[in-house]
file entry.cif (mmCIF, C-alpha atoms)
data_start
loop_
_atom_site.label_atom_id
_atom_site.label_comp_id
_atom_site.auth_asym_id
_atom_site.auth_seq_id
_atom_site.Cartn_x
_atom_site.Cartn_y
_atom_site.Cartn_z
CA MET I 1 -14.94 6.79 10.22
CA ASP I 2 -15.45 4.68 13.31
CA THR I 3 -15.70 0.88 13.10
CA GLU I 4 -15.19 0.10 16.77
CA PRO I 5 -16.86 -3.29 17.49
CA VAL I 6 -20.20 -3.36 19.30
CA ALA I 7 -20.50 -5.48 22.45
CA GLY I 8 -21.51 -9.04 21.54
CA GLN I 9 -20.71 -8.47 17.86
CA ALA I 10 -18.27 -10.79 16.04
CA THR I 11 -14.88 -9.12 15.64
CA PRO I 12 -12.93 -9.33 12.36
CA MET I 13 -9.60 -11.13 12.60
CA LEU I 14 -6.56 -10.65 10.37
CA LEU I 15 -5.81 -14.24 9.42
CA GLY I 16 -2.81 -13.98 7.13
CA VAL I 17 -0.90 -11.85 4.64
CA ALA I 18 1.29 -12.42 1.59
CA THR I 19 2.96 -10.33 -1.12
CA ALA I 20 4.15 -10.66 -4.72
CA ASN I 21 6.14 -8.61 -7.23
CA PRO I 22 6.79 -8.65 -10.98
CA PRO I 23 9.98 -10.37 -12.18
CA THR I 24 12.27 -7.39 -12.84
CA ARG I 25 14.11 -5.52 -10.08
CA TYR I 26 16.45 -2.55 -10.39
CA SER I 27 18.75 -0.70 -8.04
CA GLN I 28 18.29 3.06 -7.84
CA ARG I 29 21.76 3.53 -9.29
CA GLU I 30 20.87 1.31 -12.26
CA LEU I 31 17.77 3.39 -12.88
CA VAL I 32 19.73 6.64 -12.87
CA GLU I 33 21.92 5.24 -15.64
CA LEU I 34 19.09 3.58 -17.58
CA LEU I 35 17.07 6.79 -17.55
CA ALA I 36 20.19 8.76 -18.57
CA ILE I 37 19.72 11.24 -15.73
CA ASP I 38 22.44 13.91 -15.79
CA ASP I 39 20.81 16.66 -13.73
CA PRO I 40 22.56 16.54 -10.32
CA LYS I 41 19.39 17.54 -8.45
CA ILE I 42 17.38 14.73 -10.02
CA ARG I 43 20.21 12.25 -9.46
CA GLY I 44 20.20 13.29 -5.81
CA ILE I 45 16.45 12.63 -5.54
CA PHE I 46 16.99 9.09 -6.80
CA LEU I 47 20.08 8.30 -4.77
CA ASN I 48 19.37 10.02 -1.45
CA GLY I 49 15.75 9.10 -0.77
CA GLY I 50 16.33 5.99 1.32
CA ILE I 51 15.50 3.61 -1.55
CA GLU I 52 18.03 1.06 -2.75
CA SER I 53 15.96 -1.04 -5.15
CA ARG I 54 12.48 -1.43 -6.66
CA TYR I 55 10.50 -3.87 -8.77
CA LEU I 56 9.48 -2.14 -12.01
CA THR I 57 8.26 -3.10 -15.48
CA LEU I 58 10.06 -0.70 -17.80
CA PRO I 59 9.33 -0.19 -21.52
CA SER I 60 11.56 -1.35 -24.34
CA VAL I 61 14.34 0.92 -25.61
CA ASP I 62 14.59 2.64 -28.98
CA LYS I 63 17.51 2.58 -31.44
CA GLU I 64 19.33 5.22 -29.41
CA GLY I 65 19.00 3.16 -26.25
CA ASN I 66 16.37 5.40 -24.66
CA PHE I 67 13.16 4.09 -23.13
CA ARG I 68 10.30 4.21 -25.60
CA SER I 69 7.39 6.42 -24.56
CA GLU I 70 4.35 4.22 -23.93
CA THR I 71 0.86 5.34 -24.89
CA GLN I 72 -1.88 5.49 -22.27
CA GLY I 73 -3.37 2.37 -23.84
CA GLU I 74 -0.08 0.51 -23.46
CA LEU I 75 0.22 1.64 -19.87
CA LEU I 76 -3.29 0.36 -19.10
CA ALA I 77 -2.44 -2.97 -20.72
CA LYS I 78 0.62 -3.21 -18.48
CA HIS I 79 -1.47 -2.26 -15.45
CA ARG I 80 -3.90 -5.07 -16.25
CA ARG I 81 -1.32 -7.72 -17.08
CA TYR I 82 0.91 -7.29 -14.05
CA GLY I 83 -1.89 -6.26 -11.72
CA VAL I 84 -3.67 -9.56 -12.35
CA ALA I 85 -0.45 -11.62 -12.23
CA THR I 86 0.89 -10.20 -8.97
CA GLY I 87 -2.54 -9.93 -7.36
CA ALA I 88 -3.32 -13.56 -8.11
CA ALA I 89 0.08 -14.68 -6.81
CA ALA I 90 -0.38 -12.76 -3.54
CA ILE I 91 -3.87 -14.23 -3.01
CA ARG I 92 -2.68 -17.78 -3.64
CA LYS I 93 0.19 -17.40 -1.16
CA CYS I 94 -2.04 -15.78 1.45
CA LEU I 95 -4.60 -18.60 1.31
CA SER I 96 -1.87 -21.24 1.38
CA ARG I 97 -0.46 -19.76 4.57
CA ILE I 98 -3.77 -20.11 6.38
CA GLY I 99 -4.48 -23.55 4.90
CA LYS I 100 -7.43 -22.50 2.76
CA ASP I 101 -8.45 -23.16 -0.84
CA LEU I 102 -9.57 -20.71 -3.49
CA ASP I 103 -13.11 -22.06 -3.45
CA GLU I 104 -13.47 -20.97 0.18
CA VAL I 105 -13.25 -17.25 -0.63
CA ASP I 106 -16.64 -15.57 -0.19
CA TYR I 107 -15.74 -11.89 -0.73
CA LEU I 108 -12.95 -10.15 -2.65
CA VAL I 109 -11.97 -6.51 -2.24
CA ALA I 110 -9.54 -5.34 -4.94
CA VAL I 111 -7.68 -2.05 -4.44
CA THR I 112 -5.67 -0.18 -7.07
CA THR I 113 -4.76 3.35 -8.15
CA THR I 114 -2.33 2.88 -11.04
CA GLY I 115 -4.94 2.45 -13.77
CA PHE I 116 -8.66 2.31 -14.51
CA LEU I 117 -10.30 -0.85 -15.86
CA THR I 118 -13.89 -1.94 -16.34
CA PRO I 119 -14.45 -4.68 -15.35
CA GLY I 120 -11.98 -4.10 -12.54
CA PHE I 121 -9.47 -6.31 -10.79
CA SER I 122 -12.10 -7.95 -8.58
CA ALA I 123 -13.76 -9.50 -11.65
CA LEU I 124 -10.48 -10.15 -13.44
CA LEU I 125 -9.03 -11.93 -10.41
CA ILE I 126 -12.15 -14.02 -9.82
CA ASN I 127 -11.82 -15.17 -13.42
CA GLU I 128 -8.04 -15.68 -13.23
CA LEU I 129 -8.19 -17.68 -10.00
CA GLY I 130 -11.32 -19.62 -10.84
CA LEU I 131 -13.18 -18.39 -7.77
CA SER I 132 -16.86 -19.16 -7.43
CA PRO I 133 -19.07 -16.99 -9.68
CA GLY I 134 -21.07 -16.33 -6.51
CA THR I 135 -18.11 -14.55 -4.88
CA ALA I 136 -19.17 -11.09 -3.70
CA ARG I 137 -16.75 -8.39 -4.80
CA LEU I 138 -15.78 -4.72 -4.54
CA ASP I 139 -13.29 -2.52 -6.41
CA VAL I 140 -11.67 0.40 -4.60
CA VAL I 141 -10.12 2.52 -7.36
CA GLY I 142 -8.29 5.83 -7.44
CA MET I 143 -8.00 6.52 -3.71
CA GLY I 144 -4.21 6.34 -3.67
CA CYS I 145 -1.68 5.18 -1.12
CA ASN I 146 -4.15 5.29 1.77
CA ALA I 147 -6.59 2.96 -0.01
CA GLY I 148 -5.38 -0.32 1.46
CA LEU I 149 -6.98 0.59 4.76
CA ASN I 150 -10.12 1.80 2.98
CA GLY I 151 -10.30 -1.67 1.45
CA LEU I 152 -9.69 -3.30 4.82
CA THR I 153 -12.61 -1.28 6.24
CA ALA I 154 -14.88 -2.82 3.59
CA ALA I 155 -13.55 -6.35 4.14
CA ALA I 156 -13.93 -6.03 7.91
CA ALA I 157 -17.46 -4.64 7.67
CA TRP I 158 -18.50 -7.46 5.32
CA SER I 159 -16.95 -10.06 7.64
CA THR I 160 -18.84 -8.63 10.59
CA ALA I 161 -22.11 -8.79 8.63
CA ASN I 162 -21.31 -12.33 7.40
CA PRO I 163 -19.86 -14.16 10.44
CA GLY I 164 -17.64 -17.11 9.70
CA LYS I 165 -17.23 -16.35 5.99
CA LEU I 166 -13.85 -15.63 4.41
CA ALA I 167 -13.00 -12.24 2.89
CA VAL I 168 -9.80 -11.40 1.03
CA LEU I 169 -8.33 -7.94 0.50
CA VAL I 170 -5.85 -7.54 -2.36
CA CYS I 171 -3.91 -4.36 -3.16
CA THR I 172 -2.34 -4.62 -6.59
CA GLU I 173 -0.35 -1.72 -8.00
CA SER I 174 1.70 -1.43 -11.19
CA CYS I 175 3.22 1.96 -10.59
CA SER I 176 5.27 1.48 -13.78
CA ALA I 177 1.97 2.08 -15.58
CA ALA I 178 1.74 5.60 -14.17
CA TYR I 179 5.10 7.07 -15.18
CA VAL I 180 5.88 10.00 -17.49
CA TYR I 181 9.49 10.43 -18.63
CA ASP I 182 9.83 14.14 -19.44
CA GLY I 183 12.91 15.20 -17.48
CA THR I 184 11.00 17.57 -15.18
CA MET I 185 11.45 17.76 -11.43
CA ARG I 186 7.74 16.96 -10.97
CA THR I 187 7.92 13.60 -12.69
CA ALA I 188 11.41 12.88 -11.34
CA VAL I 189 10.07 12.82 -7.77
CA VAL I 190 7.39 10.29 -8.75
CA ASN I 191 9.73 8.20 -10.89
CA SER I 192 12.27 7.99 -8.07
CA LEU I 193 9.79 6.76 -5.48
CA PHE I 194 7.21 4.20 -6.58
CA GLY I 195 7.52 0.47 -7.22
CA ASP I 196 5.33 -2.41 -8.40
CA GLY I 197 3.79 -5.08 -6.20
CA ALA I 198 0.71 -6.68 -4.71
CA ALA I 199 -0.32 -7.76 -1.22
CA ALA I 200 -3.24 -9.82 0.05
CA MET I 201 -4.80 -10.20 3.49
CA ALA I 202 -7.44 -12.73 4.61
CA VAL I 203 -10.13 -11.52 7.04
CA SER I 204 -12.85 -13.41 8.91
CA THR I 205 -14.65 -13.47 12.25
CA ASP I 206 -13.90 -17.21 12.41
CA GLY I 207 -10.50 -18.38 13.69
CA ALA I 208 -11.15 -21.80 12.14
CA HIS I 209 -9.95 -20.25 8.88
CA ILE I 210 -6.32 -20.55 10.01
CA ARG I 211 -4.08 -23.56 10.35
CA PRO I 212 -4.44 -25.29 13.75
CA ALA I 213 -0.75 -24.75 14.52
CA ALA I 214 -0.83 -21.04 13.72
CA ASP I 215 -0.70 -18.39 16.43
CA PRO I 216 -4.03 -16.71 17.24
CA PRO I 217 -4.55 -13.90 14.73
CA PRO I 218 -5.00 -10.27 15.79
CA ARG I 219 -8.45 -8.75 16.11
CA LEU I 220 -9.29 -5.52 14.32
CA LEU I 221 -10.61 -3.22 17.04
CA GLY I 222 -11.29 0.05 15.28
CA MET I 223 -10.49 2.39 12.39
CA ARG I 224 -10.34 6.15 12.09
CA SER I 225 -10.00 8.49 9.07
CA TYR I 226 -8.92 12.12 8.73
CA MET I 227 -8.98 14.33 5.63
CA ILE I 228 -6.69 17.35 5.42
CA ILE I 229 -9.19 19.30 3.35
CA HIS I 230 -7.09 22.37 2.63
CA ALA I 231 -4.41 20.09 1.12
CA MET I 232 -6.82 18.30 -1.21
CA ASP I 233 -4.71 18.99 -4.32
CA ALA I 234 -1.37 18.06 -2.75
CA MET I 235 -1.45 14.54 -4.28
CA ARG I 236 -3.29 14.07 -7.55
CA TYR I 237 -3.40 12.79 -11.11
CA ASP I 238 -3.46 15.40 -13.89
CA TRP I 239 -4.03 14.73 -17.57
CA ASP I 240 -0.97 15.72 -19.62
CA ASP I 241 -2.21 16.73 -23.09
CA GLU I 242 1.26 16.89 -24.55
CA ALA I 243 2.23 13.44 -23.29
CA GLY I 244 -1.23 11.97 -23.88
CA LYS I 245 -1.33 10.28 -20.48
CA PHE I 246 -1.92 10.89 -16.80
CA SER I 247 0.83 12.43 -14.67
CA PHE I 248 0.96 12.10 -10.89
CA TYR I 249 1.80 15.12 -8.75
CA LEU I 250 3.23 15.22 -5.23
CA ASP I 251 3.43 18.60 -3.51
CA LYS I 252 6.61 19.26 -1.54
CA GLU I 253 4.43 20.21 1.45
CA VAL I 254 2.95 16.69 1.79
CA PRO I 255 5.32 15.54 4.58
CA TYR I 256 4.60 18.64 6.64
CA GLU I 257 0.84 18.37 6.18
CA VAL I 258 0.88 14.72 7.23
CA GLY I 259 3.10 15.48 10.20
CA ALA I 260 0.93 18.37 11.35
CA HIS I 261 -2.25 16.25 11.45
CA VAL I 262 -1.12 12.73 12.27
CA GLU I 263 -1.43 13.22 16.04
CA THR I 264 -5.08 14.20 15.72
CA VAL I 265 -6.23 11.00 14.03
CA VAL I 266 -3.99 8.64 16.01
CA ASP I 267 -5.10 10.10 19.34
CA GLN I 268 -8.75 9.79 18.26
CA LEU I 269 -8.21 6.14 17.31
CA LEU I 270 -6.46 5.29 20.57
CA GLY I 271 -8.72 7.43 22.75
CA GLU I 272 -11.78 5.46 21.68
CA ALA I 273 -10.08 2.33 23.03
CA GLY I 274 -8.81 4.00 26.20
CA LEU I 275 -5.18 3.69 25.06
CA ARG I 276 -2.13 5.93 24.89
CA ARG I 277 0.65 5.89 22.32
CA LYS I 278 3.12 4.29 24.70
CA GLU I 279 0.84 1.25 24.93
CA ILE I 280 1.24 0.50 21.21
CA THR I 281 3.91 -2.14 20.57
CA HIS I 282 3.75 -2.32 16.78
CA TRP I 283 3.58 0.58 14.33
CA ILE I 284 2.93 -0.38 10.70
CA VAL I 285 3.18 2.87 8.74
CA HIS I 286 2.95 3.40 4.98
CA SER I 287 6.35 3.76 3.26
CA GLY I 288 5.42 7.09 1.75
CA GLY I 289 8.91 8.50 1.37
CA LYS I 290 11.78 9.49 3.65
CA LYS I 291 10.41 12.91 4.60
CA VAL I 292 6.91 11.56 5.26
CA ILE I 293 8.29 8.82 7.50
CA ASP I 294 10.43 11.33 9.38
CA ALA I 295 7.42 13.63 9.88
CA VAL I 296 5.36 10.77 11.35
CA LYS I 297 8.25 9.69 13.55
CA ILE I 298 8.85 13.17 14.98
CA ASN I 299 5.23 14.14 15.54
CA LEU I 300 4.23 10.85 17.18
CA GLY I 301 7.44 10.52 19.19
CA LEU I 302 8.32 7.17 17.61
CA THR I 303 11.73 5.49 17.47
CA ASN I 304 13.76 4.06 14.61
CA HIS I 305 12.85 0.63 15.96
CA ASP I 306 9.13 1.46 15.79
CA LEU I 307 9.45 2.25 12.08
CA ARG I 308 12.03 -0.40 11.12
CA HIS I 309 9.67 -2.27 8.79
CA THR I 310 8.37 0.91 7.18
CA VAL I 311 11.94 2.01 6.44
CA SER I 312 13.15 -1.41 5.27
CA VAL I 313 10.20 -1.87 2.89
CA MET I 314 10.88 1.54 1.36
CA ARG I 315 14.58 0.61 1.06
CA ASP I 316 13.90 -2.70 -0.70
CA TYR I 317 10.73 -1.92 -2.69
CA GLY I 318 10.14 1.83 -2.78
CA ASN I 319 6.63 3.17 -2.25
CA LEU I 320 4.21 0.38 -3.26
CA SER I 321 1.18 2.64 -2.98
CA SER I 322 -1.88 1.00 -1.37
CA GLY I 323 -0.15 -2.27 -0.47
CA SER I 324 2.96 -0.85 1.23
CA PHE I 325 1.63 -1.29 4.78
CA LEU I 326 0.92 -4.98 4.15
CA PHE I 327 4.53 -5.53 3.05
CA SER I 328 5.59 -4.02 6.38
CA TYR I 329 3.05 -6.10 8.28
CA GLN I 330 4.40 -9.24 6.63
CA ARG I 331 7.88 -8.37 7.92
CA LEU I 332 6.52 -7.89 11.42
CA LEU I 333 5.00 -11.37 11.35
CA ALA I 334 8.20 -12.87 9.93
CA GLU I 335 10.10 -11.62 13.00
CA GLY I 336 8.05 -13.92 15.21
CA ARG I 337 8.07 -11.44 18.10
CA VAL I 338 4.41 -10.54 18.48
CA ALA I 339 2.88 -11.57 21.80
CA ARG I 340 -0.64 -12.10 23.02
CA GLY I 341 -2.09 -8.80 24.22
CA ASP I 342 0.15 -6.62 22.01
CA TYR I 343 -1.53 -3.64 20.38
CA GLY I 344 -0.62 -2.42 16.91
CA VAL I 345 -1.52 0.49 14.65
CA PHE I 346 -1.76 0.55 10.86
CA MET I 347 -1.37 3.95 9.23
CA THR I 348 -1.61 4.95 5.56
CA MET I 349 -1.63 8.33 3.83
CA GLY I 350 -2.61 9.46 0.36
CA PRO I 351 -4.66 11.79 -1.83
CA GLY I 352 -7.42 13.72 -0.19
CA SER I 353 -5.14 14.53 1.57
CA GLN I 354 -6.07 11.56 3.73
CA ILE I 355 -4.71 9.74 6.76
CA GLU I 356 -6.19 6.32 7.56
CA THR I 357 -5.55 4.38 10.77
CA ALA I 358 -6.57 1.07 12.28
CA LEU I 359 -6.05 -0.52 15.71
CA PHE I 360 -5.43 -4.25 16.14
CA GLN I 361 -4.60 -6.51 19.07
CA TYR I 362 -3.16 -9.99 19.42
#
call {"tool": "encode", "arguments": {"input": "entry.cif", "output": "structure tokens"}}
result
Amino acid sequence: MDTEPVAGQATPMLLGVATANPPTRYSQRELVELLAIDDPKIRGIFLNGGIESRYLTLPSVDKEGNFRSETQGELLAKHRRYGVATGAAAIRKCLSRIGKDLDEVDYLVAVTTTGFLTPGFSALLINELGLSPGTARLDVVGMGCNAGLNGLTAAAAWSTANPGKLAVLVCTESCSAAYVYDGTMRTAVVNSLFGDGAAAMAVSTDGAHIRPAADPPPRLLGMRSYMIIHAMDAMRYDWDDEAGKFSFYLDKEVPYEVGAHVETVVDQLLGEAGLRRKEITHWIVHSGGKKVIDAVKINLGLTNHDLRHTVSVMRDYGNLSSGSFLFSYQRLLAEGRVARGDYGVFMTMGPGSQIETALFQY
């Protein structure tokens, strides 16, 4: 997918970003004890994956002190409750940072993978926030960890077609609503990795949507997608009849598949702009797991410094699915080290198997 701007066409700008999480946070070591994990291999997955803590919404415990198994209906209720709460909080903070009010939002793109609702989060958030009933909206559901950039593609395209109007992207994931506790290695990998949180980004072709004192926002120059078709089943949801709920699956080959194909899509993205990798100052890569990050680092020739925000977000939050890259982007902005003319790359990966990329410049 190519969204490189046409000459004379208004270019989408990334005006601001903000994040939010549910109230409860756990260290990985706490979770090992709370989940009563005795298997040394599973304990190692939890404790050696580069994650120190995560925000999660865990179920109540039974008389024996074990977590109660939630029904699929209960999980969906949790997905809705915390998805709306964290999504709304992220949107409010994002708009506050650029000096805008809720009634100035013209378009809302809501991204999620951890549950299915109709009406979806776009409608629920418009209602929760009291946005105008004329707000245009889109739900991006079920695309996985890569979906934040799929949502950004939609927000950017709408902004280009509606110059000067304000679009907001929100990725809201309650990964606690997609867990199965059955003691298997399959579910242990998932349970050790994902966390809950939401992130919002404001997009417009009009720089007047930011505070006068704010630095000029980056322009979104292009986006490029790549599907690893032969690895389509490497990341997926399956229905577990015995458990009566969905169970997420991650193939052990995922890091190697991503690593083997990441150069192709990145070089296509940069080649269209006449750039080389060494000209990219900022790399904002999805916190997909330690092995995935290492595969990207090795195959693109990146440094630890290049991926510092990817690694630190995984350490402090785990894999936040579609919103992970926005948590990393927020940390980049908080450093205060971006300079006019700097180029940056967003990269996300998820089911498909899919790699999404975007190029931006300050």
call {"tool": "resolve_selection", "arguments": {"input": "entry.cif", "expression": "the PyMOL selection byres ((chain I and resi 269-284) around 7)", "output": "list in words"}}
result
Met223, Arg224, Val265, Val266, Asp267, Gln268, Val285, His286, Asp306, Leu307, Thr310, Phe325, Ser328, Tyr329, Asp342, Tyr343, Gly344, Val345, Phe346 and Met347 of chain I
call {"tool": "atom_distance", "arguments": {"input": "entry.cif", "atom1": "CA of Thr19 in chain I", "atom2": "CA of Leu34 in chain I"}}
result
26.9 Å
call {"tool": "residues_around", "arguments": {"input": "entry.cif", "residues": "Met232 in chain I", "least_positions_apart": "6", "cutoff": "10 Å", "atoms": "all atoms listed in the file", "output": "list in words"}}
result
Gly350, Pro351, Gly352, Ser353 and Gln354 of chain I
call {"tool": "write_last_selection", "arguments": {"input": "entry.cif", "atoms": "C-alpha atoms", "output": "tab-separated table (two decimals), in the frame of the given file"}}
result
chain	number	residue	atom	x	y	z
I	350	GLY	CA	-2.61	9.46	0.36
I	351	PRO	CA	-4.66	11.79	-1.83
I	352	GLY	CA	-7.42	13.72	-0.19
I	353	SER	CA	-5.14	14.53	1.57
I	354	GLN	CA	-6.07	11.56	3.73
call {"tool": "residues_near_point", "arguments": {"input": "entry.cif", "point": "(-3.1, -9.0, 1.1)", "cutoff": "12 Å", "atoms": "all atoms listed in the file", "output": "ChimeraX atom specification"}}
result
/I:14-20,86-95,97,108-111,148-149,151-152,155,167-173,197-203,322-330
call {"tool": "atom_distance", "arguments": {"input": "entry.cif", "atom1": "CA of Trp158 in chain I", "atom2": "CA of Cys145 in chain I"}}
result
22.0 Å
call {"tool": "resolve_selection", "arguments": {"input": "entry.cif", "expression": "the PyMOL selection byres ((chain I and resi 72) around 8)", "output": "mmCIF file with C-alpha atoms, in the frame of the given file"}}
result
data_model
loop_
_atom_site.group_PDB
_atom_site.id
_atom_site.type_symbol
_atom_site.label_atom_id
_atom_site.label_comp_id
_atom_site.auth_asym_id
_atom_site.auth_seq_id
_atom_site.Cartn_x
_atom_site.Cartn_y
_atom_site.Cartn_z
ATOM 1 C CA GLU I 70 4.350 4.220 -23.930
ATOM 2 C CA THR I 71 0.860 5.340 -24.890
ATOM 3 C CA GLY I 73 -3.370 2.370 -23.840
ATOM 4 C CA GLU I 74 -0.080 0.510 -23.460
ATOM 5 C CA LEU I 75 0.220 1.640 -19.870
ATOM 6 C CA LEU I 76 -3.290 0.360 -19.100
ATOM 7 C CA GLY I 244 -1.230 11.970 -23.880
ATOM 8 C CA LYS I 245 -1.330 10.280 -20.480
ATOM 9 C CA PHE I 246 -1.920 10.890 -16.800
#
call {"tool": "residues_around", "arguments": {"input": "entry.cif", "residues": "Lys41 in chain I", "least_positions_apart": "2", "cutoff": "12 Å", "atoms": "only C-alpha atoms", "output": "PyMOL selection string"}}
result
chain I and resi 32+37-39+43-49+183-186+188-189+192
call {"tool": "atom_distance", "arguments": {"input": "entry.cif", "atom1": "CA of Thr112 in chain I", "atom2": "CA of Ser96 in chain I"}}
result
23.0 Å
call {"tool": "resolve_selection", "arguments": {"input": "entry.cif", "expression": "the PyMOL selection byres ((chain I and resi 240) around 12)", "output": "PDB file with C-alpha atoms, keeping the file's coordinate frame"}}
result
ATOM      1  CA  THR I  71       0.860   5.340 -24.890  1.00  0.00           C
ATOM      2  CA  GLN I  72      -1.880   5.490 -22.270  1.00  0.00           C
ATOM      3  CA  ALA I 178       1.740   5.600 -14.170  1.00  0.00           C
ATOM      4  CA  TYR I 179       5.100   7.070 -15.180  1.00  0.00           C
ATOM      5  CA  VAL I 180       5.880  10.000 -17.490  1.00  0.00           C
ATOM      6  CA  TYR I 181       9.490  10.430 -18.630  1.00  0.00           C
ATOM      7  CA  ASP I 182       9.830  14.140 -19.440  1.00  0.00           C
ATOM      8  CA  THR I 187       7.920  13.600 -12.690  1.00  0.00           C
ATOM      9  CA  TYR I 237      -3.400  12.790 -11.110  1.00  0.00           C
ATOM     10  CA  ASP I 238      -3.460  15.400 -13.890  1.00  0.00           C
ATOM     11  CA  TRP I 239      -4.030  14.730 -17.570  1.00  0.00           C
ATOM     12  CA  ASP I 241      -2.210  16.730 -23.090  1.00  0.00           C
ATOM     13  CA  GLU I 242       1.260  16.890 -24.550  1.00  0.00           C
ATOM     14  CA  ALA I 243       2.230  13.440 -23.290  1.00  0.00           C
ATOM     15  CA  GLY I 244      -1.230  11.970 -23.880  1.00  0.00           C
ATOM     16  CA  LYS I 245      -1.330  10.280 -20.480  1.00  0.00           C
ATOM     17  CA  PHE I 246      -1.920  10.890 -16.800  1.00  0.00           C
ATOM     18  CA  SER I 247       0.830  12.430 -14.670  1.00  0.00           C
ATOM     19  CA  PHE I 248       0.960  12.100 -10.890  1.00  0.00           C
ATOM     20  CA  TYR I 249       1.800  15.120  -8.750  1.00  0.00           C
TER      21      TYR I 249
END
call {"tool": "closest_residue", "arguments": {"input": "entry.cif", "among": "I:Tyr226, I:Phe121, I:Tyr256, I:Tyr317", "to": "Leu56 in chain I", "atoms": "only C-alpha atoms"}}
result
I:Tyr317
call {"tool": "residues_near_point", "arguments": {"input": "entry.cif", "point": "(9.5, -6.0, -15.1)", "cutoff": "12 Å", "atoms": "all atoms listed in the file", "output": "ChimeraX atom specification"}}
result
/I:21-26,54-60,78-79,81-83,85-86,174-177,195-197
call {"tool": "closest_residue", "arguments": {"input": "entry.cif", "among": "I:Glu356, I:Gly144, I:Thr11, I:Arg308", "to": "Phe194 in chain I", "atoms": "all atoms listed in the file"}}
result
I:Gly144
call {"tool": "axis_aligned_box", "arguments": {"input": "entry.cif", "around": "range 187-193 of chain I", "padding_each_side": "5 Å", "output": "JSON"}}
result
{"center_x": 9.8, "center_y": 10.2, "center_z": -9.1, "size_x": 14.9, "size_y": 16.8, "size_z": 17.2}
call {"tool": "residues_around", "arguments": {"input": "entry.cif", "residues": "Lys291 in chain I", "least_positions_apart": "5", "cutoff": "12 Å", "atoms": "all atoms listed in the file", "output": "compact mmCIF listing (two decimals) with C-alpha atoms, in the frame of the given file"}}
result
# COMPACT_ATOMS: atom_id res chain seq x y z
CA ILE I 45 16.45 12.63 -5.54
CA ASN I 48 19.37 10.02 -1.45
CA GLY I 49 15.75 9.10 -0.77
CA GLY I 50 16.33 5.99 1.32
CA LEU I 193 9.79 6.76 -5.48
CA LYS I 252 6.61 19.26 -1.54
CA GLU I 253 4.43 20.21 1.45
CA VAL I 254 2.95 16.69 1.79
CA PRO I 255 5.32 15.54 4.58
CA TYR I 256 4.60 18.64 6.64
CA GLU I 257 0.84 18.37 6.18
CA VAL I 258 0.88 14.72 7.23
CA GLY I 259 3.10 15.48 10.20
CA VAL I 296 5.36 10.77 11.35
CA LYS I 297 8.25 9.69 13.55
CA ILE I 298 8.85 13.17 14.98
CA VAL I 311 11.94 2.01 6.44
CA MET I 314 10.88 1.54 1.36
call {"tool": "closest_residue", "arguments": {"input": "entry.cif", "among": "I:Ser159, I:Ser132, I:Ser53, I:Gln28", "to": "Asp316 in chain I", "atoms": "only C-alpha atoms"}}
result
I:Ser53
call {"tool": "closest_residue", "arguments": {"input": "entry.cif", "among": "I:Leu220, I:Val105, I:Ala36, I:Gly130", "to": "Glu64 in chain I", "atoms": "all atoms listed in the file"}}
result
I:Ala36
call {"tool": "closest_residue", "arguments": {"input": "entry.cif", "among": "I:Met349, I:Leu138, I:Ile210, I:Ala334", "to": "Val262 in chain I", "atoms": "all atoms listed in the file"}}
result
I:Met349
